[in-house]
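The block underneath contains the structure these notes are about, expressed in structure tokens.
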Amino acid sequence: MNLFYSYAHFLVAITSFIVALIVFFNGKKVRLNQILSLNSFVFGLWAFFYAIWMLEDSDAEKALFWSRMLNIWPIFIPAFLLHWILLFLNKAKKRKFIIYFYYLLGLFVAPFSFSNYFISGVAPVGGFPFWPQIEWLYSIFLIISWVPVFSYVFYLLFVKMKNSVAVERTQALYIFIGVIFAASGGSVNFLLMFGIDIIPPIFSVLSIAFPILFSYVVVRHRLFDIKLVLRRSTVYIFSVVFLTSLVMVATYLTDIFLVNGDIIYIADTIILVAAMIFFDSVKSFFYRLANQYFFTSLYNIQEVLEEVAVILRENIDKKEIYQLVMQALDKAFHFNNFGFLIFEKRNKKYVVDFTSGFKIAKGTKFDPVKMIERDFIKDAEPIITEELKKIYEDCFQNKNCELSKFIKLLEKNKVAVLAPLNNKGKTEGILVLGNKETNDSYNTEDIRLLKNISAQLAVALENARLYERLKQFNRQLERRVKLRTNQLNIANKKLTETNKKLLVLDKAKTEFLSIASHQLRTPLSSTKGFLSLLLDGTYGKIPSKSRQALEKICISNERLITLVEDLLNISRIEAGRLTFDFRKESLEKVTQEVLDTMTLVAKNAGLTLEKKFPAKSSPLIYFDRAKMREVISNFIDNAIKYTKEGQVTVIIEESKTKIRLIVQDTGMGIGKDDLEGIFEKFQRGDRGGRVNRNGVGLGLYVCRKIIDAHKGRVWAESDGIGKGSRFIIELDKNWKPKKVGA
Ligand code: ADP
């Protein structure tokens with residue numbers, strides 16, 4: 001049994017020494033570390049001599065020596081503890097006299113620890129053969145040192161816990177628990193000193209929690225979630241108790257069944273070594289068990305990561321990403337506030353893009369802080385507000401320091417963690433987390449999770465940004481199209497109005513044409529009548545000189561009549577009043593009539609007018625006789641007009657279903673560019689105007705309109721300028737108009 005106590009305290013001693021070293025090398029120059037390191041070291045010495053003393057089971061002298069050795073060290077613990085707590089609470093300077101007092105008290109009492117005033121001897125107590133017998137100095141020291149110091153420390157920590165939040169509160173709680181362990185661990189020994197034998201002093205081993213917990217606070221500012229710590233320590237305690245009970249039972253059994261002392265010794269050692277070896281497996285067994293059945297609120301990093309990955313995969317909209325990521329993380333952390341800052345590359349500022357719970361408006365801008373950019377943002381290292389104070393301790397003391405303003409800003413806004421979102425080495429923004437609802441700190445696992453998520457988030461945010469730009473571009477495009485459409489609509493409206501005005505004008509023009517032509521036609525007709533009477537000699541013989549002049553007047557008059565007829569036709573066409581009188585007629589017959597009237601004109605122009613009709617006369621087809629005459633005479637008239645020498649040939653051809661009339665000349669021909677347009681209104685061709693100054697470019701237009709009404713085709717052909725032209729009409733033999741003349 002003593003062997004077990006011995007080993008257990010050895011373990012405590014080694015742990016304490018290691019802790020002392022870690023704390024020391026973690027901050028050699030920091031007073032907080034120095035004192036804690038000393039404290040752990042002294043505590044370790046106590047445990048070490050405790051272990052040696054426990055091994056002694058035969059020599060009372062030696063046992064007394066070791067028990068005195070072990071009792072020196074606790075003399076200094078109240079002073080160290082008080083000093084350290086006051087340092088932690090920033091009260092060391094104010095209370096330095098109390099600290100001095102306890103150090104001096106320790107130094108004063110220590111030399112007497114080997115005297116009989118302190119410990120006078122050893123005697124069997126509570127199953128231990130050589131338990132120290134304490135004297136009045138020991139009791140007095142306990143009363144003026146241990147009791148008030150511990151009470152004071154408890155009080156200070158209690159006040160601290162009540163008045164602080166977040167990390168500081170957690171730290172205070174942490175230390176508080178450590179002090180409880182120390183006090184209870186110590187008291188089990190003290191009770192036995194006073195002969196009170198209720199709790200076995202094995203619990204003094206638990207006081208190891210005291211240096212360990214303190215060290216956590218100092219070494220790792222990023223504390224474990226206190227709940228996590230409690231859970232883990234519960235598991236630890238369970239494992240220790242479980243194994244201790246097993247060991248106790250086993251050593252008890254070896255005591256009973258094995259007679260030989262040496263064998264007992266070996267057996268106990270084996271049992272202890274086995275217990276140590278199995279400790280880890282027992283611990284993880286309990287941890288698994290506890291995790292499964294009791295600690296259900298512990299989140300699973302993998303699950304959170306997967307959830308976030310799915311969110312980022314399925315969403316491209318920034319706002320949705322913010323909202324969903326917040327929900328996913330809140331399930332793990334349960335924070336009070338959450339937000340996103342976006343880094344604007346244009347003006348190098350951080351802009352609040354999303355906030356939930358923070359009292360800062362969206363769109364608020366912040367300047368980057370140089371040191372933070374250099375030490376954290378660049379490497380995508382999460383920033384923990386509480387840590388900043390320690391990391392930049394020197395700067396933080398200085399009120400003008402840029403960092404001290406930054407830290408105050410974070411504290412004022414209750415920001416606990418900033419996680420930079422870096423993509424390809426560049427910052428897209430920052431994820432901002434407030435304190436947890438429980439006021440626990442963010443632990444290493446939380447930070448690991450955040451780091452992992454930020455990398456993914458950064459990529460997603462960049463995509464979201466590109467998507468946003470695309471959307472914006474699209475909106476701009478839509479706006480422009482709308483603007484242009486509006487402009488077009490306005491232009492269109494103007495055009496429609498102008499068109500309406502033009503139509504009115506056009507109508508007026510058509511009406512004018514119609515009236516003018518009507519008024520011209522009657523005198524022209526009577527002129528024609530009188531001229532032919534004159535030429536026929538009705539009013540007496542005409543001298544040949546006069547006859548020539550009269551003939552010229554007659555031709556000009558004829559031209560005028562044609563022109564007036566064309567103008568009248570056009571006004572009719574445009575007013576939609578051109579009427580037709582379709583009957584079954586012979587095309588040859590009508591053509592012959594026109595030829596008869598034109599022979600004289602051709603002769604006067606020095607041309608021969610020929611015809612080529614089919615041998616067997618073609619069948620009768622439907623057409624408007626008067627209008628068809630107009631078309632044919634227009635063609636022949638043009639052919640004569642635009643031909644200087646040679647001949648004009650009128651051909652009629654017949655195929656199975658069509659009849660063609662062709663007026664062919666050997667005249668000036670038509671250029672390729674003009675061929676298309678000559679059937680349009682007022683189109684005179686390039687050279688037509690030069691050759692015949694009297695024309696106006698209406699004849700062919702009227703012809704086309706007439707042939708269109710017969711559902712026929714009309715076109716012109718020419719082999720080129722100077723090579724003559726062919727004007728062709730093609731009519732359908734079987735065409736039948738809707739309305740046939742009587
Ligand atoms: P106009 O003869 O009064 O100019 P038309 O409508 O009868 O009007 O003819 C339009 C144009 O077609 C003429 O100006 C002329 O350039 C061209 N044209 C018509 N017939 C011939 C032809 N037989 N040979 C060459 N050009 C012609």
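In the structure tokens, chains take the letters A, B, ... in the order shown, each chain's residues start at 1, and ligands count up from 1 in the order shown.
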
Per DSSP on the backbone, filter segment 364-613 of chain A down to the residues in helix (DSSP H, G or I) and report them as a PyMOL selection string.
chain A and resi 370-375+377-379+385-391+393-397+402-412+444-536+544-575+587-604

Contacts of Gly724 of chain A at 12 Å or less, counting only C-alpha atoms, minus same-chain residues fewer than 5 places along, as a list of chain:residue names?
A:Asn638, A:Ala639, A:Ile640, A:Tyr642, A:Thr643, A:Lys644, A:Glu645, A:Gly646, A:Gln647, A:Val648, A:Thr649, A:Val663, A:Gln664, A:Asp665, A:Thr666, A:Gly667, A:Met668, A:Gly669, A:Ile670, A:Gly671, A:Ala716, A:Glu717, A:Ser718, A:Asp719

I need the chosen residues saved as a short mmCIF file (atom, residue, chain, number, x, y, z; two decimals), in the first residue's frame, with N, CA and C atoms.
data_model
loop_
_atom_site.label_atom_id
_atom_site.label_comp_id
_atom_site.auth_asym_id
_atom_site.auth_seq_id
_atom_site.Cartn_x
_atom_site.Cartn_y
_atom_site.Cartn_z
N ASN A 638 -41.01 53.38 -125.88
CA ASN A 638 -39.67 53.43 -125.25
C ASN A 638 -38.61 52.91 -126.20
N ALA A 639 -38.91 51.78 -126.85
CA ALA A 639 -37.94 51.17 -127.76
C ALA A 639 -37.56 52.16 -128.86
N ILE A 640 -38.56 52.88 -129.35
CA ILE A 640 -38.27 53.86 -130.41
C ILE A 640 -37.46 55.02 -129.83
N TYR A 642 -35.44 55.13 -127.29
CA TYR A 642 -34.07 54.86 -126.83
C TYR A 642 -33.24 54.10 -127.86
N THR A 643 -33.73 54.14 -129.16
CA THR A 643 -32.95 53.48 -130.21
C THR A 643 -32.66 54.50 -131.30
N LYS A 644 -31.39 54.67 -131.62
CA LYS A 644 -31.02 55.67 -132.64
C LYS A 644 -31.18 55.09 -134.04
N GLU A 645 -30.73 53.88 -134.23
CA GLU A 645 -30.86 53.26 -135.54
C GLU A 645 -31.07 51.76 -135.39
N GLY A 646 -31.54 51.17 -136.49
CA GLY A 646 -31.79 49.73 -136.44
C GLY A 646 -33.27 49.46 -136.44
N GLN A 647 -33.69 48.52 -135.62
CA GLN A 647 -35.10 48.15 -135.69
C GLN A 647 -35.66 47.78 -134.34
N VAL A 648 -37.00 47.83 -134.33
CA VAL A 648 -37.73 47.40 -133.14
C VAL A 648 -38.57 46.21 -133.56
N THR A 649 -38.43 45.09 -132.80
CA THR A 649 -39.17 43.89 -133.17
C THR A 649 -40.13 43.51 -132.05
N VAL A 663 -40.68 42.98 -126.60
CA VAL A 663 -40.36 44.13 -127.46
C VAL A 663 -38.85 44.28 -127.43
N GLN A 664 -38.27 44.04 -128.62
CA GLN A 664 -36.81 43.98 -128.69
C GLN A 664 -36.29 45.11 -129.56
N ASP A 665 -35.23 45.79 -129.07
CA ASP A 665 -34.69 46.88 -129.90
C ASP A 665 -33.18 46.74 -130.04
N THR A 666 -32.64 47.59 -130.91
CA THR A 666 -31.18 47.58 -131.13
C THR A 666 -30.58 48.88 -130.59
N GLY A 667 -31.21 49.38 -129.51
CA GLY A 667 -30.85 50.71 -129.00
C GLY A 667 -29.72 50.75 -127.99
N MET A 668 -29.86 51.71 -127.09
CA MET A 668 -28.75 52.01 -126.16
C MET A 668 -28.54 50.97 -125.06
N GLY A 669 -29.51 50.11 -124.92
CA GLY A 669 -29.35 49.05 -123.89
C GLY A 669 -29.46 49.60 -122.46
N ILE A 670 -29.42 48.69 -121.51
CA ILE A 670 -29.57 49.11 -120.09
C ILE A 670 -28.42 48.51 -119.27
N GLY A 671 -27.83 49.34 -118.42
CA GLY A 671 -26.74 48.86 -117.54
C GLY A 671 -27.28 47.88 -116.50
N ALA A 716 -37.07 43.22 -117.74
CA ALA A 716 -36.28 43.71 -118.87
C ALA A 716 -34.98 42.94 -118.93
N GLU A 717 -34.46 42.78 -120.13
CA GLU A 717 -33.16 42.13 -120.30
C GLU A 717 -32.31 42.99 -121.22
N SER A 718 -31.00 42.96 -121.00
CA SER A 718 -30.11 43.67 -121.92
C SER A 718 -28.74 43.03 -121.86
N ASP A 719 -28.10 42.97 -123.01
CA ASP A 719 -26.76 42.37 -123.03
C ASP A 719 -25.71 43.38 -122.63
#

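In this comparison, which uses only C-alpha atoms and all ligand atoms, the residue of A:Thr496, A:Thr562, A:Ser546, A:Thr527 approaching ligand 1 most closely is A:Thr562.
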
Who sits within 7 Å of segment 697-701 of chain A, only C-alpha atoms, same chain under 4 positions skipped, as a ChimeraX atom specification:
/A:566,634,678-684,705

Between A:Thr597, A:Lys612, A:Glu56, A:Leu567, which is the closest to ligand 1 once you count only C-alpha atoms and all ligand atoms?
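Closest to ligand 1 of all the choices is A:Leu567.
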
Of the residues A:Lys611, A:Lys331, A:Arg559, A:Arg68, which is the one nearest to ligand 1, using only C-alpha atoms and all ligand atoms?
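Selected residue with least distance to ligand 1: A:Arg559.
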
Near-segment 501-508 of chain A list (10 Å; only C-alpha atoms; drop same-chain fewer than 5 positions) as an mmCIF file with N, CA and C atoms, in the first residue's frame:
data_model
loop_
_atom_site.group_PDB
_atom_site.id
_atom_site.type_symbol
_atom_site.label_atom_id
_atom_site.label_comp_id
_atom_site.auth_asym_id
_atom_site.auth_seq_id
_atom_site.Cartn_x
_atom_site.Cartn_y
_atom_site.Cartn_z
ATOM 1 N N LEU A 495 -41.232 58.550 -85.947
ATOM 2 C CA LEU A 495 -41.301 58.106 -87.337
ATOM 3 C C LEU A 495 -42.740 57.871 -87.772
ATOM 4 N N THR A 496 -43.503 57.224 -86.869
ATOM 5 C CA THR A 496 -44.897 56.928 -87.188
ATOM 6 C C THR A 496 -45.654 58.229 -87.445
ATOM 7 N N LEU A 513 -52.611 65.484 -108.353
ATOM 8 C CA LEU A 513 -52.266 64.867 -109.642
ATOM 9 C C LEU A 513 -53.529 64.521 -110.409
ATOM 10 N N SER A 514 -54.461 63.900 -109.699
ATOM 11 C CA SER A 514 -55.677 63.421 -110.321
ATOM 12 C C SER A 514 -56.459 64.610 -110.912
ATOM 13 N N SER A 571 -52.181 58.166 -110.036
ATOM 14 C CA SER A 571 -53.042 58.670 -108.959
ATOM 15 C C SER A 571 -54.114 57.641 -108.648
ATOM 16 N N GLU A 574 -52.409 54.770 -106.654
ATOM 17 C CA GLU A 574 -52.129 55.144 -105.269
ATOM 18 C C GLU A 574 -53.383 55.347 -104.460
ATOM 19 N N ALA A 575 -54.421 55.752 -105.096
ATOM 20 C CA ALA A 575 -55.670 55.920 -104.348
ATOM 21 C C ALA A 575 -56.441 54.606 -104.310
#

For each of A:Asp624, A:Asp673, A:Asp708, A:Asp637, take the minimum atom-to-atom distance to ligand 1, counting only C-alpha atoms and all ligand atoms, then give the residue where this is smallest.
A:Asp637

Go through A:Glu588, A:Asn336, A:Leu560, A:His710 one by one, measure the shortest atom-to-atom distance of each to ligand 1 using only C-alpha atoms and all ligand atoms, and give the residue with the smallest value.
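Once distances to ligand 1 are computed over only C-alpha atoms and all ligand atoms, the minimum belongs to A:Leu560.
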
Residues of segment 482-682 of chain A in strand (DSSP E or B) according to DSSP, as a list in words?
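Restricting segment 482-682 of chain A to strand (DSSP E or B) produces Phe582, Arg583, Lys584, Glu585, Thr608, Leu609, Glu610, Lys611, Lys612, Ile621, Tyr622, Phe623, Asp624, Gln647, Val648, Thr649, Val650, Ile651, Ile652, Glu653, Glu654, Lys658, Ile659, Arg660, Leu661, Ile662, Val663, Gln664 and Asp665 of chain A.
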
Next, dump the selected residues to file, keeping only N, CA, C and O atoms, as a compact mmCIF listing (two decimals), in the first residue's frame.
# COMPACT_ATOMS: atom_id res chain seq x y z
N PHE A 582 -61.55 42.87 -117.23
CA PHE A 582 -60.92 41.66 -117.81
C PHE A 582 -61.89 40.94 -118.74
O PHE A 582 -63.03 40.65 -118.35
N ARG A 583 -61.38 40.66 -119.93
CA ARG A 583 -62.19 39.86 -120.87
C ARG A 583 -61.26 38.93 -121.62
O ARG A 583 -60.06 39.16 -121.66
N LYS A 584 -61.87 37.92 -122.27
CA LYS A 584 -61.03 37.02 -123.08
C LYS A 584 -60.73 37.69 -124.39
O LYS A 584 -61.63 38.05 -125.15
N GLU A 585 -59.45 37.90 -124.66
CA GLU A 585 -59.05 38.65 -125.86
C GLU A 585 -57.88 37.95 -126.55
O GLU A 585 -57.24 37.09 -125.96
N THR A 608 -37.16 50.65 -138.38
CA THR A 608 -38.15 49.73 -138.92
C THR A 608 -38.82 49.02 -137.75
O THR A 608 -38.17 48.64 -136.78
N LEU A 609 -40.09 48.86 -137.87
CA LEU A 609 -40.87 48.20 -136.83
C LEU A 609 -41.31 46.86 -137.37
O LEU A 609 -42.04 46.80 -138.36
N GLU A 610 -40.84 45.77 -136.73
CA GLU A 610 -41.19 44.45 -137.25
C GLU A 610 -41.96 43.66 -136.24
O GLU A 610 -41.97 44.00 -135.05
N LYS A 611 -42.60 42.58 -136.71
CA LYS A 611 -43.32 41.71 -135.77
C LYS A 611 -43.02 40.26 -136.09
O LYS A 611 -42.73 39.91 -137.23
N LYS A 612 -43.06 39.42 -135.03
CA LYS A 612 -42.89 37.96 -135.24
C LYS A 612 -43.95 37.29 -134.41
O LYS A 612 -43.80 37.12 -133.19
N ILE A 621 -56.91 34.85 -124.13
CA ILE A 621 -56.67 34.84 -122.67
C ILE A 621 -57.33 36.06 -122.05
O ILE A 621 -57.67 37.01 -122.75
N TYR A 622 -57.41 36.01 -120.69
CA TYR A 622 -58.05 37.14 -120.00
C TYR A 622 -57.08 38.29 -119.85
O TYR A 622 -55.97 38.13 -119.35
N PHE A 623 -57.50 39.50 -120.32
CA PHE A 623 -56.76 40.73 -119.96
C PHE A 623 -57.65 41.95 -120.19
O PHE A 623 -58.68 41.87 -120.84
N ASP A 624 -57.17 43.08 -119.65
CA ASP A 624 -57.89 44.35 -119.85
C ASP A 624 -57.34 44.96 -121.12
O ASP A 624 -56.17 45.37 -121.17
N GLN A 647 -33.69 48.52 -135.62
CA GLN A 647 -35.10 48.15 -135.69
C GLN A 647 -35.66 47.78 -134.34
O GLN A 647 -34.92 47.47 -133.41
N VAL A 648 -37.00 47.83 -134.33
CA VAL A 648 -37.73 47.40 -133.14
C VAL A 648 -38.57 46.21 -133.56
O VAL A 648 -39.28 46.28 -134.57
N THR A 649 -38.43 45.09 -132.80
CA THR A 649 -39.17 43.89 -133.17
C THR A 649 -40.13 43.51 -132.05
O THR A 649 -39.73 43.48 -130.89
N VAL A 650 -41.35 43.25 -132.42
CA VAL A 650 -42.34 42.81 -131.42
C VAL A 650 -42.61 41.33 -131.64
O VAL A 650 -43.02 40.93 -132.72
N ILE A 651 -42.34 40.53 -130.62
CA ILE A 651 -42.45 39.08 -130.78
C ILE A 651 -43.52 38.54 -129.84
O ILE A 651 -43.61 38.98 -128.69
N ILE A 652 -44.30 37.57 -130.33
CA ILE A 652 -45.23 36.86 -129.43
C ILE A 652 -44.85 35.39 -129.48
O ILE A 652 -44.73 34.81 -130.56
N GLU A 653 -44.63 34.81 -128.30
CA GLU A 653 -44.24 33.38 -128.22
C GLU A 653 -45.24 32.66 -127.34
O GLU A 653 -45.86 33.27 -126.46
N GLU A 654 -45.29 31.36 -127.55
CA GLU A 654 -46.27 30.60 -126.77
C GLU A 654 -45.61 29.33 -126.24
O GLU A 654 -44.88 28.67 -126.99
N LYS A 658 -47.85 29.37 -120.93
CA LYS A 658 -47.62 30.82 -120.91
C LYS A 658 -47.66 31.42 -122.32
O LYS A 658 -47.38 30.73 -123.32
N ILE A 659 -47.94 32.72 -122.35
CA ILE A 659 -47.77 33.48 -123.59
C ILE A 659 -46.83 34.64 -123.26
O ILE A 659 -47.02 35.33 -122.25
N ARG A 660 -45.83 34.83 -124.11
CA ARG A 660 -44.88 35.93 -123.87
C ARG A 660 -44.99 36.96 -125.00
O ARG A 660 -45.11 36.60 -126.16
N LEU A 661 -44.87 38.26 -124.56
CA LEU A 661 -44.77 39.32 -125.55
C LEU A 661 -43.43 40.01 -125.32
O LEU A 661 -43.13 40.44 -124.20
N ILE A 662 -42.60 40.08 -126.37
CA ILE A 662 -41.27 40.65 -126.22
C ILE A 662 -41.11 41.84 -127.17
O ILE A 662 -41.42 41.71 -128.36
N VAL A 663 -40.68 42.98 -126.60
CA VAL A 663 -40.36 44.13 -127.46
C VAL A 663 -38.85 44.28 -127.43
O VAL A 663 -38.28 44.57 -126.39
N GLN A 664 -38.27 44.04 -128.62
CA GLN A 664 -36.81 43.98 -128.69
C GLN A 664 -36.29 45.11 -129.56
O GLN A 664 -36.87 45.40 -130.60
N ASP A 665 -35.23 45.79 -129.07
CA ASP A 665 -34.69 46.88 -129.90
C ASP A 665 -33.18 46.74 -130.04
O ASP A 665 -32.56 45.90 -129.39

Quick one: residues within 9 Å of segment 58-62 of chain A, only C-alpha atoms, excluding same-chain residues fewer than 4 positions away - as a list of chain:residue names?
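Here the answer would be A:Trp53, A:Trp66, A:Ser67, A:Gly121, A:Val122, A:Ala123, A:Pro129, A:Phe130.
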